[in-house]
Amino acid sequence: MTRIATFNVNGVNGRLPVLLKWLGETDYDVVCLQELKTSDENFPIEAIRDAGFDAIWHGQKSYNGVAILVRGKDPVERRRGLPGDPDDTHSRYLEAEIDGLIVGCIYLPNGNPAPGPKFDYKLRWFDRLVDYSRSLLGERAVLCGDYNVVPTEIDAAVPRRWLGDAVFFPESRKAYAHMLSLGWVDAMRHIHPDKGIYTYWNFSYRGGYDRSSGLRMDHLLVSPSLAESLMAAGVDVETRGWEKPSDHAPAWVHVG
């Protein structure tokens, strides 16, 4: 069995205590991180190695950034960045191979304010992801990360609160549905088809978090061959209540 998790850490150095505690209390084999918000040279690789993982990472000072952590072995990098726009300098995609499993780590653009240039960039980036993903459909592959898309109303605790947000716009949801139509399988919905499951909650002014703001926008999409071996999926919700947490909680799957 392989255990795969994805976690938008919202600043890997600022949230390092949370990340290390979570890694120490769980037994994931592969971990994808998003929103590192650090340059390559400041990525905390020694602390991560001390926790039992090796890693590859694609950093960017103050913004974006993705990493793939593997317990007890070296991930083999396959791709850094998506094809289709040589002028795109954002660190949003990283891909590795681990024992025949292809793992793509994704931090899709948020797109707010929408409509506008940032939303247009989001849709262009999504189109590039959809096009590239076709090449992986025949592999044992998982594309996981913060998609910044809430696919359906069941994926929001209070859907009406998000009607004006890019993560809930019809164009964003249509692009996500397009990936599923190609054959990618939403692992969480495959295991829990009707359950209200969330991976993100707003920070509150009281220092906690607003539970009514729950959204599911961190996803693990698996290829058809990998979907056949899906065993379990869930969210480590408890991390959201820890001291100085990310606004996201880790989502995970187990595959045989």
# chains A, B, ... in the order shown; residues from 1 in each chain; ligands from 1

call {"tool": "residues_around", "arguments": {"residues": "Leu215 in chain A", "least_positions_apart": "5", "cutoff": "12 Å", "atoms": "only C-alpha atoms", "output": "number ranges by chain"}}
result
A: 146-162, 165, 167-168, 196-202, 210, 235, 247-249

call {"tool": "write_last_selection", "arguments": {"atoms": "C-alpha atoms", "output": "tab-separated table (two decimals), in the first residue's frame"}}
result
chain	number	residue	atom	x	y	z
A	146	ASP	CA	-4.48	22.94	-4.37
A	147	TYR	CA	-6.61	23.28	-7.49
A	148	ASN	CA	-8.32	26.44	-6.21
A	149	VAL	CA	-11.57	24.97	-7.55
A	150	VAL	CA	-14.68	23.95	-5.62
A	151	PRO	CA	-16.16	21.38	-8.02
A	152	THR	CA	-19.79	21.22	-6.83
A	153	GLU	CA	-22.08	22.72	-4.20
A	154	ILE	CA	-21.56	19.73	-1.91
A	155	ASP	CA	-17.91	20.84	-1.68
A	156	ALA	CA	-18.83	24.07	0.15
A	157	ALA	CA	-20.34	24.33	3.63
A	158	VAL	CA	-22.31	27.43	2.58
A	159	PRO	CA	-22.20	27.63	-1.23
A	160	ARG	CA	-23.86	31.04	-1.52
A	161	ARG	CA	-20.92	32.66	0.29
A	162	TRP	CA	-18.64	31.83	-2.64
A	165	ASP	CA	-15.21	33.95	-5.85
A	167	VAL	CA	-12.81	29.18	-6.96
A	168	PHE	CA	-16.57	28.75	-7.48
A	196	GLY	CA	-19.54	17.06	2.85
A	197	ILE	CA	-15.73	17.08	3.05
A	198	TYR	CA	-13.63	20.22	3.32
A	199	THR	CA	-9.90	21.01	3.12
A	200	TYR	CA	-9.91	24.81	3.61
A	201	TRP	CA	-11.41	27.23	6.14
A	202	ASN	CA	-10.99	31.00	6.46
A	210	ASP	CA	-14.61	29.91	10.65
A	235	VAL	CA	-8.67	14.77	5.37
A	247	ASP	CA	-5.76	27.65	6.37
A	248	HIS	CA	-5.77	24.27	4.58
A	249	ALA	CA	-5.78	20.74	5.99

call {"tool": "residues_around", "arguments": {"residues": "range 176-191 of chain A", "least_positions_apart": "5", "cutoff": "9 Å", "atoms": "only C-alpha atoms", "output": "VMD selection string"}}
result
chain A and resid 126 129 to 130 133 to 134 137 142 to 143 147 149 to 151 171 197 219 to 224 227 230 to 234 251 to 253

call {"tool": "residues_around", "arguments": {"residues": "Gly164 in chain A", "least_positions_apart": "5", "cutoff": "12 Å", "atoms": "only C-alpha atoms", "output": "MDAnalysis selection string"}}
result
chainID A and resid 111:115 159 169:170

call {"tool": "write_last_selection", "arguments": {"atoms": "N, CA and C atoms", "output": "mmCIF file, in the first residue's frame"}}
result
data_model
loop_
_atom_site.group_PDB
_atom_site.id
_atom_site.type_symbol
_atom_site.label_atom_id
_atom_site.label_comp_id
_atom_site.auth_asym_id
_atom_site.auth_seq_id
_atom_site.Cartn_x
_atom_site.Cartn_y
_atom_site.Cartn_z
ATOM 1 N N GLY A 111 -6.977 33.106 -9.023
ATOM 2 C CA GLY A 111 -7.827 33.754 -10.015
ATOM 3 C C GLY A 111 -8.589 34.968 -9.553
ATOM 4 N N ASN A 112 -8.504 35.312 -8.278
ATOM 5 C CA ASN A 112 -9.192 36.508 -7.792
ATOM 6 C C ASN A 112 -8.305 37.741 -7.943
ATOM 7 N N PRO A 113 -8.914 38.925 -8.163
ATOM 8 C CA PRO A 113 -10.354 39.164 -8.365
ATOM 9 C C PRO A 113 -10.809 38.712 -9.751
ATOM 10 N N ALA A 114 -12.023 38.226 -9.793
ATOM 11 C CA ALA A 114 -12.591 37.710 -11.038
ATOM 12 C C ALA A 114 -13.925 38.393 -11.317
ATOM 13 N N PRO A 115 -14.180 38.722 -12.569
ATOM 14 C CA PRO A 115 -13.301 38.540 -13.733
ATOM 15 C C PRO A 115 -12.148 39.536 -13.734
ATOM 16 N N PRO A 159 -22.556 27.281 0.146
ATOM 17 C CA PRO A 159 -22.204 27.631 -1.233
ATOM 18 C C PRO A 159 -22.449 29.086 -1.600
ATOM 19 N N PHE A 169 -16.428 29.919 -9.606
ATOM 20 C CA PHE A 169 -16.960 30.388 -10.885
ATOM 21 C C PHE A 169 -17.249 29.195 -11.811
ATOM 22 N N PRO A 170 -18.280 29.307 -12.643
ATOM 23 C CA PRO A 170 -18.607 28.208 -13.563
ATOM 24 C C PRO A 170 -17.446 27.806 -14.462
#

call {"tool": "closest_atom_pairs", "arguments": {"of": "range 9-50 of chain A", "to": "range 81-90 of chain A", "cutoff": "12 Å", "atoms": "only C-alpha atoms", "output": "JSON lines"}}
result
{"residue": "A:Glu35", "atom": "CA", "partner": "A:His90", "partner_atom": "CA", "distance": 11.1}
{"residue": "A:Lys37", "atom": "CA", "partner": "A:His90", "partner_atom": "CA", "distance": 11.3}
{"residue": "A:Ser39", "atom": "CA", "partner": "A:His90", "partner_atom": "CA", "distance": 11.9}

call {"tool": "select_by_dssp", "arguments": {"residues": "range 93-196 of chain A", "states": "helix (DSSP H, G or I)", "output": "ChimeraX atom specification"}}
result
/A:117-136,153-155,159-162,166-168,170-182,187-191

call {"tool": "closest_residue", "arguments": {"among": "A:Arg240, A:Arg71, A:Arg92, A:Lys118", "to": "Ala5 in chain A", "atoms": "only C-alpha atoms"}}
result
A:Arg71

call {"tool": "residues_around", "arguments": {"residues": "Leu123 in chain A", "least_positions_apart": "2", "cutoff": "8 Å", "atoms": "only C-alpha atoms", "output": "list in words"}}
result
Phe119, Asp120, Tyr121, Trp125, Phe126, Asp127, Glu171, Ser172 and Ala175 of chain A

call {"tool": "atom_distance", "arguments": {"atom1": "CA of Leu23 in chain A", "atom2": "CA of Asn110 in chain A"}}
result
26.4 Å

call {"tool": "residues_around", "arguments": {"residues": "Val103 in chain A", "least_positions_apart": "2", "cutoff": "6 Å", "atoms": "only C-alpha atoms", "output": "list in words"}}
result
Glu95, Ala96, Ala141 and Val142 of chain A

call {"tool": "atom_distance", "arguments": {"atom1": "CA of Arg78 in chain A", "atom2": "CA of Tyr93 in chain A"}}
result
10.9 Å

call {"tool": "closest_residue", "arguments": {"among": "A:Ile68, A:Leu226, A:Val18, A:Val76", "to": "Leu136 in chain A", "atoms": "only C-alpha atoms"}}
result
A:Leu226

call {"tool": "select_by_dssp", "arguments": {"residues": "range 55-196 of chain A", "states": "strand (DSSP E or B)", "output": "PyMOL selection string"}}
result
chain A and resi 55-58+66-71+76-80+93-98+101-107+141-146+156+185-186

call {"tool": "write_last_selection", "arguments": {"atoms": "N, CA and C atoms", "output": "mmCIF file, in the first residue's frame"}}
result
data_model
loop_
_atom_site.group_PDB
_atom_site.id
_atom_site.type_symbol
_atom_site.label_atom_id
_atom_site.label_comp_id
_atom_site.auth_asym_id
_atom_site.auth_seq_id
_atom_site.Cartn_x
_atom_site.Cartn_y
_atom_site.Cartn_z
ATOM 1 N N ALA A 55 13.388 15.025 -0.726
ATOM 2 C CA ALA A 55 12.454 15.913 -1.409
ATOM 3 C C ALA A 55 13.066 16.529 -2.650
ATOM 4 N N ILE A 56 12.191 16.933 -3.554
ATOM 5 C CA ILE A 56 12.523 17.881 -4.603
ATOM 6 C C ILE A 56 11.577 19.056 -4.438
ATOM 7 N N TRP A 57 11.997 20.245 -4.852
ATOM 8 C CA TRP A 57 11.157 21.422 -4.649
ATOM 9 C C TRP A 57 11.395 22.437 -5.744
ATOM 10 N N HIS A 58 10.395 23.274 -5.940
ATOM 11 C CA HIS A 58 10.394 24.311 -6.978
ATOM 12 C C HIS A 58 9.891 25.578 -6.301
ATOM 13 N N VAL A 66 6.122 24.648 -4.904
ATOM 14 C CA VAL A 66 5.620 23.288 -4.719
ATOM 15 C C VAL A 66 6.777 22.357 -4.390
ATOM 16 N N ALA A 67 6.480 21.278 -3.688
ATOM 17 C CA ALA A 67 7.505 20.301 -3.311
ATOM 18 C C ALA A 67 6.888 18.917 -3.254
ATOM 19 N N ILE A 68 7.725 17.906 -3.501
ATOM 20 C CA ILE A 68 7.325 16.506 -3.364
ATOM 21 C C ILE A 68 8.284 15.842 -2.395
ATOM 22 N N LEU A 69 7.738 15.311 -1.292
ATOM 23 C CA LEU A 69 8.507 14.628 -0.253
ATOM 24 C C LEU A 69 8.246 13.127 -0.359
ATOM 25 N N VAL A 70 9.299 12.331 -0.187
ATOM 26 C CA VAL A 70 9.168 10.875 -0.247
ATOM 27 C C VAL A 70 9.887 10.275 0.952
ATOM 28 N N ARG A 71 9.206 9.408 1.649
ATOM 29 C CA ARG A 71 9.779 8.800 2.848
ATOM 30 C C ARG A 71 10.821 7.734 2.476
ATOM 31 N N VAL A 76 12.519 10.923 -8.163
ATOM 32 C CA VAL A 76 13.198 11.198 -9.429
ATOM 33 C C VAL A 76 12.398 12.258 -10.180
ATOM 34 N N GLU A 77 12.970 13.444 -10.331
ATOM 35 C CA GLU A 77 12.245 14.532 -10.984
ATOM 36 C C GLU A 77 12.036 14.235 -12.461
ATOM 37 N N ARG A 78 10.806 14.469 -12.930
ATOM 38 C CA ARG A 78 10.438 14.278 -14.336
ATOM 39 C C ARG A 78 10.151 15.589 -15.049
ATOM 40 N N ARG A 79 9.572 16.538 -14.337
ATOM 41 C CA ARG A 79 9.196 17.801 -14.981
ATOM 42 C C ARG A 79 9.101 18.893 -13.944
ATOM 43 N N ARG A 80 9.496 20.108 -14.360
ATOM 44 C CA ARG A 80 9.411 21.307 -13.522
ATOM 45 C C ARG A 80 8.711 22.376 -14.341
ATOM 46 N N TYR A 93 4.101 23.846 -10.713
ATOM 47 C CA TYR A 93 3.975 22.426 -11.069
ATOM 48 C C TYR A 93 5.320 21.731 -10.942
ATOM 49 N N LEU A 94 5.293 20.544 -10.331
ATOM 50 C CA LEU A 94 6.486 19.724 -10.165
ATOM 51 C C LEU A 94 6.054 18.270 -10.273
ATOM 52 N N GLU A 95 6.878 17.459 -10.943
ATOM 53 C CA GLU A 95 6.492 16.070 -11.190
ATOM 54 C C GLU A 95 7.658 15.139 -10.902
ATOM 55 N N ALA A 96 7.360 14.019 -10.272
ATOM 56 C CA ALA A 96 8.386 13.035 -9.923
ATOM 57 C C ALA A 96 7.865 11.632 -10.179
ATOM 58 N N GLU A 97 8.807 10.688 -10.253
ATOM 59 C CA GLU A 97 8.471 9.269 -10.323
ATOM 60 C C GLU A 97 9.025 8.568 -9.100
ATOM 61 N N ILE A 98 8.189 7.780 -8.463
ATOM 62 C CA ILE A 98 8.572 7.021 -7.268
ATOM 63 C C ILE A 98 8.122 5.580 -7.468
ATOM 64 N N LEU A 101 5.324 5.040 -9.874
ATOM 65 C CA LEU A 101 4.180 5.937 -9.678
ATOM 66 C C LEU A 101 4.587 7.351 -10.062
ATOM 67 N N ILE A 102 3.808 7.977 -10.938
ATOM 68 C CA ILE A 102 4.061 9.365 -11.328
ATOM 69 C C ILE A 102 3.214 10.279 -10.452
ATOM 70 N N VAL A 103 3.871 11.249 -9.830
ATOM 71 C CA VAL A 103 3.208 12.185 -8.921
ATOM 72 C C VAL A 103 3.400 13.597 -9.447
ATOM 73 N N GLY A 104 2.303 14.277 -9.743
ATOM 74 C CA GLY A 104 2.338 15.678 -10.117
ATOM 75 C C GLY A 104 1.808 16.520 -8.976
ATOM 76 N N CYS A 105 2.579 17.525 -8.571
ATOM 77 C CA CYS A 105 2.191 18.426 -7.480
ATOM 78 C C CYS A 105 1.777 19.761 -8.082
ATOM 79 N N ILE A 106 0.580 20.220 -7.735
ATOM 80 C CA ILE A 106 -0.072 21.339 -8.413
ATOM 81 C C ILE A 106 -0.446 22.439 -7.432
ATOM 82 N N TYR A 107 -0.108 23.688 -7.810
ATOM 83 C CA TYR A 107 -0.691 24.840 -7.127
ATOM 84 C C TYR A 107 -1.307 25.725 -8.198
ATOM 85 N N ALA A 141 -0.679 7.253 -12.216
ATOM 86 C CA ALA A 141 -0.359 8.650 -11.943
ATOM 87 C C ALA A 141 -1.386 9.280 -11.020
ATOM 88 N N VAL A 142 -0.914 10.259 -10.249
ATOM 89 C CA VAL A 142 -1.786 11.076 -9.411
ATOM 90 C C VAL A 142 -1.376 12.527 -9.584
ATOM 91 N N LEU A 143 -2.352 13.397 -9.791
ATOM 92 C CA LEU A 143 -2.140 14.838 -9.898
ATOM 93 C C LEU A 143 -2.814 15.468 -8.690
ATOM 94 N N CYS A 144 -2.014 15.902 -7.735
ATOM 95 C CA CYS A 144 -2.609 16.339 -6.474
ATOM 96 C C CYS A 144 -2.103 17.715 -6.074
ATOM 97 N N GLY A 145 -2.961 18.413 -5.343
ATOM 98 C CA GLY A 145 -2.578 19.723 -4.863
ATOM 99 C C GLY A 145 -3.771 20.625 -4.650
ATOM 100 N N ASP A 146 -3.457 21.911 -4.544
ATOM 101 C CA ASP A 146 -4.476 22.941 -4.371
ATOM 102 C C ASP A 146 -4.913 23.398 -5.755
ATOM 103 N N ALA A 156 -18.852 22.820 -0.618
ATOM 104 C CA ALA A 156 -18.829 24.067 0.150
ATOM 105 C C ALA A 156 -19.843 23.971 1.284
ATOM 106 N N VAL A 185 -9.900 10.534 -12.127
ATOM 107 C CA VAL A 185 -10.875 10.187 -11.089
ATOM 108 C C VAL A 185 -10.595 11.005 -9.838
ATOM 109 N N ASP A 186 -11.608 11.713 -9.356
ATOM 110 C CA ASP A 186 -11.517 12.456 -8.102
ATOM 111 C C ASP A 186 -11.540 11.430 -6.970
#

call {"tool": "residues_around", "arguments": {"residues": "Lys244 in chain A", "least_positions_apart": "3", "cutoff": "12 Å", "atoms": "only C-alpha atoms", "output": "PyMOL selection string"}}
result
chain A and resi 9-11+13-19+203+207-209+239-241+247-248
